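Below is one structure; the comments refer to it alone.
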Amino acid sequence: MAAGTNTLETVRRKVISTLRRGLKAHGVNPKIHAESAVNGTKWRFSVISEDFAPWLHSERQDVIWRILRESLSAEELLKVTIVLALTKKEAVGDFS
Amino acid sequence: MEEAMSRKRKRRPKVSVFNRFRPSRWQQVCTVGDRRYDDALFLYRRGTSARWNSAVYLAGLAVELYLKGALLKTHPFLSSASLGTLRSEGTEWKLNLYDLFWRSHDLTELMSASPDLLSEIERESLSMHRAGRKATLWETFMRVASWNVAVRYTTVQVTRSEVDTFMSSVKEVLKWLREQIH
């Protein structure tokens with residue numbers, strides 16, 4: 001495995017474990033999916049949980065990026081693109 | 001009579017906003033971006049809360065247009081190329097760019113298709129992080145990109161704090177894009 005791929009995989013695992021732990025402290029129990037982005041050089045994440053329902057989208061993003069910033073290095077953060085924080089309904093396109 | 005008919009034939013087609021428009025220069029795309037941002041500001045500042053969803057939508061569109069302007073500046077063929085010609089040429093990278101330019105609204109992928117912009121935003125974000133800034137430009141851009149996906153389709157009213165955060169994020173991203181592109 002190339003060094004770059006290894007680092008990328010490490011970032012994926014670190015983001016998932018950091019978000020799971022950090023969000024749990026906020027009362028959110030999420031399912032987290034990662035998908036490759038930007039020609040396989042970065043990750044895009046979707047964080048799905050019913051516990052997000054009463055939160056504003058801006059609050060979800062505030063909390064997520066604050067959790068990530070506390071645990072990831074600047075270089076690791078640049079491997080993370082968008083982090084969608086959605087309820088199950090929103091994840092299937094229902095934003096009503 | 002014949003002369004009159006000839007004049008009629010030569011008359012230029014009526015220009016309408018409903019005609020399919022192909023920008024020929026990157027500056028045109030950025031100008032449209034500026035106008036959509038002005039529209040967004042109008043709705044944000046002078047409209048009631050009922051207009052904030054549209055303000056958010058238009059502000060996100062302004063960022064999209066600037067990113068597309070950057071693409072067109074680097075790849076002028078995007079304004080004149082046709083899908084058929086590109087397919088017959090068989091150049092996959094051109095087809096991918098064409099698809100991105102004309103069909104995509106994914107701000108992250110649009111940014112990534114401009115390697116100079118991508119490396120510059122990464123460089124600036126690293127120095128912001130080291131300087132202890134609360135949020136780097138990368139984070140701000142990603143918040144615009146991710147929030148846009150959700151907000152564009154929602155029937156739920158955007159709140160005061162959401163619209164404030166989104167508009168200030170877009171302001172920062174657009175300011176940076178203008179400096180980079182012009």
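A note on labels: chains of the structure tokens are A, B, ... as shown, every chain counts residues from 1, and ligands are counted from 1 in their shown order.
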**Request:** Could you please tell me, as a ChimeraX atom specification, which residues of chain B have an atom within 8 Å of chain A when using only C-alpha atoms?
**Result:** /B:108-109,112,122,125-126,129-130,138-139,142-143,145-147,150,153-156,161-162,165
Store the residues picked out above in a file with N, CA, C and O atoms, as a tab-separated table (two decimals), in the first residue's frame.
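Okay, out_17.tsv is ready:
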chain	number	residue	atom	x	y	z
B	108	THR	N	-17.57	21.30	-4.08
B	108	THR	CA	-16.28	20.69	-3.77
B	108	THR	C	-15.60	20.19	-5.04
B	108	THR	O	-14.40	20.41	-5.26
B	109	GLU	N	-16.37	19.50	-5.89
B	109	GLU	CA	-15.80	18.99	-7.14
B	109	GLU	C	-15.40	20.14	-8.06
B	109	GLU	O	-14.38	20.07	-8.76
B	112	SER	N	-12.20	21.47	-6.85
B	112	SER	CA	-11.11	20.51	-7.08
B	112	SER	C	-10.68	20.46	-8.55
B	112	SER	O	-9.57	20.03	-8.85
B	122	GLU	N	-5.83	25.31	0.38
B	122	GLU	CA	-5.19	24.42	1.35
B	122	GLU	C	-4.02	25.13	2.05
B	122	GLU	O	-3.88	25.07	3.27
B	125	SER	N	-5.37	27.75	4.40
B	125	SER	CA	-6.04	27.15	5.55
B	125	SER	C	-5.04	26.61	6.54
B	125	SER	O	-5.24	26.70	7.76
B	126	LEU	N	-3.94	26.05	6.04
B	126	LEU	CA	-2.89	25.56	6.94
B	126	LEU	C	-2.31	26.71	7.76
B	126	LEU	O	-2.13	26.59	8.97
B	129	HIS	N	-4.80	27.82	10.36
B	129	HIS	CA	-4.87	26.86	11.45
B	129	HIS	C	-3.69	27.06	12.40
B	129	HIS	O	-3.85	27.08	13.62
B	130	ARG	N	-2.51	27.26	11.81
B	130	ARG	CA	-1.32	27.47	12.65
B	130	ARG	C	-1.38	28.79	13.40
B	130	ARG	O	-0.83	28.92	14.48
B	138	TRP	N	-10.90	26.66	4.54
B	138	TRP	CA	-11.35	25.33	4.07
B	138	TRP	C	-12.64	24.93	4.79
B	138	TRP	O	-13.60	24.49	4.17
B	139	GLU	N	-12.66	25.11	6.11
B	139	GLU	CA	-13.85	24.77	6.88
B	139	GLU	C	-15.03	25.64	6.46
B	139	GLU	O	-16.15	25.15	6.30
B	142	MET	N	-16.29	24.42	3.16
B	142	MET	CA	-17.00	23.16	3.28
B	142	MET	C	-18.38	23.34	3.90
B	142	MET	O	-19.32	22.63	3.59
B	143	ARG	N	-18.48	24.31	4.80
B	143	ARG	CA	-19.79	24.58	5.40
B	143	ARG	C	-20.74	25.15	4.36
B	143	ARG	O	-21.92	24.80	4.33
B	145	ALA	N	-20.51	24.48	1.16
B	145	ALA	CA	-20.77	23.38	0.23
B	145	ALA	C	-21.77	22.37	0.81
B	145	ALA	O	-22.67	21.91	0.11
B	146	SER	N	-21.62	22.03	2.09
B	146	SER	CA	-22.50	20.99	2.65
B	146	SER	C	-23.88	21.55	2.99
B	146	SER	O	-24.89	20.91	2.75
B	147	TRP	N	-23.89	22.73	3.52
B	147	TRP	CA	-25.16	23.31	3.93
B	147	TRP	C	-26.06	23.59	2.72
B	147	TRP	O	-27.26	23.41	2.75
B	150	ALA	N	-28.35	20.75	1.70
B	150	ALA	CA	-29.54	20.55	2.52
B	150	ALA	C	-30.55	21.68	2.36
B	150	ALA	O	-31.74	21.44	2.22
B	153	TYR	N	-33.19	22.42	-0.89
B	153	TYR	CA	-34.46	21.70	-1.13
B	153	TYR	C	-35.43	21.77	0.03
B	153	TYR	O	-36.51	21.20	-0.03
B	154	THR	N	-35.03	22.42	1.10
B	154	THR	CA	-35.88	22.35	2.29
B	154	THR	C	-37.14	23.21	2.17
B	154	THR	O	-37.13	24.25	1.51
B	155	THR	N	-38.19	22.72	2.79
B	155	THR	CA	-39.42	23.52	2.87
B	155	THR	C	-39.48	24.22	4.23
B	155	THR	O	-40.41	24.97	4.52
B	156	VAL	N	-38.48	23.94	5.05
B	156	VAL	CA	-38.43	24.54	6.38
B	156	VAL	C	-37.81	25.94	6.29
B	156	VAL	O	-36.85	26.15	5.54
B	161	SER	N	-30.21	32.83	12.70
B	161	SER	CA	-28.81	32.47	12.94
B	161	SER	C	-28.24	31.69	11.75
B	161	SER	O	-27.09	31.84	11.38
B	162	GLU	N	-29.08	30.85	11.10
B	162	GLU	CA	-28.60	30.10	9.94
B	162	GLU	C	-28.27	31.02	8.78
B	162	GLU	O	-27.23	30.87	8.13
B	165	THR	N	-25.07	33.01	9.51
B	165	THR	CA	-23.85	32.20	9.37
B	165	THR	C	-23.55	31.92	7.90
B	165	THR	O	-22.40	32.06	7.45
**Asked** Among stretch 87-177 of chain B, which ones does DSSP place in alpha helix (DSSP H), written as a PyMOL selection string?
**Response** chain B and resi 87-89+92-103+107-112+115-130+137-151+160-177
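Among the candidates B:Leu174, B:Ala59, B:Cys30, B:Leu107, the one nearest to B:Phe42 when counting only C-alpha atoms is B:Ala59.
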**Message:** Nearest residue to A:Trp55 out of A:Arg12, A:Val92, A:Thr87, A:Thr18, using only C-alpha atoms?
**Reply:** A:Thr87
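Put simply, atom CA of A:Ala25 is 22.7 Å away from atom CA of A:Thr10.
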Kindly assemble as a tab-separated table a list of the stretch 92-128 of chain B residues that lie within 12 Å of stretch 72-79 of chain B, each paired with its nearest atom pair and their distance in Å to one decimal, using only C-alpha atoms, sorted first by chain and then by ascending residue number.
residue	atom	partner	partner_atom	distance
B:Trp93	CA	B:His75	CA	11.3
B:Lys94	CA	B:Leu78	CA	8.4
B:Leu95	CA	B:Leu78	CA	9.6
B:Asn96	CA	B:Leu78	CA	10.8
B:Leu97	CA	B:Leu78	CA	7.8
B:Tyr98	CA	B:Leu78	CA	6.1
B:Asp99	CA	B:Leu78	CA	9.7
B:Leu100	CA	B:Leu78	CA	10.1
B:Phe101	CA	B:Leu78	CA	7.4
B:Trp102	CA	B:Leu78	CA	8.6
B:Leu110	CA	B:Leu72	CA	11.2
B:Ala113	CA	B:Thr74	CA	10.1
B:Ser114	CA	B:Thr74	CA	8.0
B:Pro115	CA	B:Thr74	CA	10.3
B:Asp116	CA	B:Thr74	CA	10.0
B:Leu117	CA	B:Thr74	CA	11.2
Could the residues in this selection be saved with N, CA and C atoms as an mmCIF file, in the first residue's frame?
data_model
loop_
_atom_site.group_PDB
_atom_site.id
_atom_site.type_symbol
_atom_site.label_atom_id
_atom_site.label_comp_id
_atom_site.auth_asym_id
_atom_site.auth_seq_id
_atom_site.Cartn_x
_atom_site.Cartn_y
_atom_site.Cartn_z
ATOM 1 N N TRP B 93 -10.842 13.652 -20.211
ATOM 2 C CA TRP B 93 -10.724 14.755 -19.248
ATOM 3 C C TRP B 93 -11.562 15.951 -19.681
ATOM 4 N N LYS B 94 -11.636 16.154 -21.014
ATOM 5 C CA LYS B 94 -12.447 17.277 -21.500
ATOM 6 C C LYS B 94 -13.933 16.998 -21.264
ATOM 7 N N LEU B 95 -14.327 15.746 -21.501
ATOM 8 C CA LEU B 95 -15.729 15.373 -21.275
ATOM 9 C C LEU B 95 -16.107 15.528 -19.803
ATOM 10 N N ASN B 96 -15.186 15.114 -18.928
ATOM 11 C CA ASN B 96 -15.453 15.251 -17.487
ATOM 12 C C ASN B 96 -15.612 16.712 -17.080
ATOM 13 N N LEU B 97 -14.723 17.556 -17.631
ATOM 14 C CA LEU B 97 -14.807 18.985 -17.312
ATOM 15 C C LEU B 97 -16.099 19.585 -17.847
ATOM 16 N N TYR B 98 -16.470 19.193 -19.072
ATOM 17 C CA TYR B 98 -17.697 19.690 -19.692
ATOM 18 C C TYR B 98 -18.895 19.351 -18.807
ATOM 19 N N ASP B 99 -18.914 18.107 -18.356
ATOM 20 C CA ASP B 99 -19.990 17.626 -17.499
ATOM 21 C C ASP B 99 -20.060 18.445 -16.202
ATOM 22 N N LEU B 100 -18.886 18.675 -15.634
ATOM 23 C CA LEU B 100 -18.797 19.432 -14.385
ATOM 24 C C LEU B 100 -19.300 20.861 -14.592
ATOM 25 N N PHE B 101 -18.853 21.474 -15.686
ATOM 26 C CA PHE B 101 -19.169 22.882 -15.952
ATOM 27 C C PHE B 101 -20.658 23.081 -16.239
ATOM 28 N N TRP B 102 -21.234 22.221 -17.066
ATOM 29 C CA TRP B 102 -22.602 22.439 -17.514
ATOM 30 C C TRP B 102 -23.653 21.737 -16.666
ATOM 31 N N LEU B 110 -16.207 21.202 -8.071
ATOM 32 C CA LEU B 110 -15.864 22.354 -8.912
ATOM 33 C C LEU B 110 -14.559 22.998 -8.442
ATOM 34 N N ALA B 113 -11.569 20.891 -9.436
ATOM 35 C CA ALA B 113 -11.214 20.877 -10.862
ATOM 36 C C ALA B 113 -10.294 22.046 -11.213
ATOM 37 N N SER B 114 -10.085 22.951 -10.270
ATOM 38 C CA SER B 114 -9.127 24.047 -10.453
ATOM 39 C C SER B 114 -7.965 23.819 -9.485
ATOM 40 N N PRO B 115 -6.949 23.063 -9.891
ATOM 41 C CA PRO B 115 -5.871 22.684 -8.971
ATOM 42 C C PRO B 115 -5.188 23.878 -8.303
ATOM 43 N N ASP B 116 -5.078 25.006 -9.026
ATOM 44 C CA ASP B 116 -4.440 26.185 -8.415
ATOM 45 C C ASP B 116 -5.255 26.710 -7.237
ATOM 46 N N LEU B 117 -6.587 26.758 -7.424
ATOM 47 C CA LEU B 117 -7.463 27.212 -6.339
ATOM 48 C C LEU B 117 -7.389 26.257 -5.160
#
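The space separating atom CA of B:Glu64 from atom CA of B:Ser104 comes to 9.3 Å.
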**Message:** Let's see if you can do this: from backbone DSSP, list all strand (DSSP E or B) residues in chain A, as a PyMOL selection string.
**Reply:** chain A and resi 31-37+42-48+80-86
Write out as a compact mmCIF listing (two decimals) with C-alpha atoms, in the first residue's frame each polymer residue whose atoms come within 9 Å of B:Val163, counting only C-alpha atoms; drop sequence neighbours fewer than 6 positions from it.
# COMPACT_ATOMS: atom_id res chain seq x y z
CA SER A 58 -25.79 25.39 11.14
CA TYR B 44 -31.20 39.07 3.12
CA TRP B 52 -34.11 34.16 3.54
CA ASN B 53 -34.30 30.71 1.92
CA ALA B 55 -31.11 34.52 -0.18
CA VAL B 56 -29.26 31.36 0.83
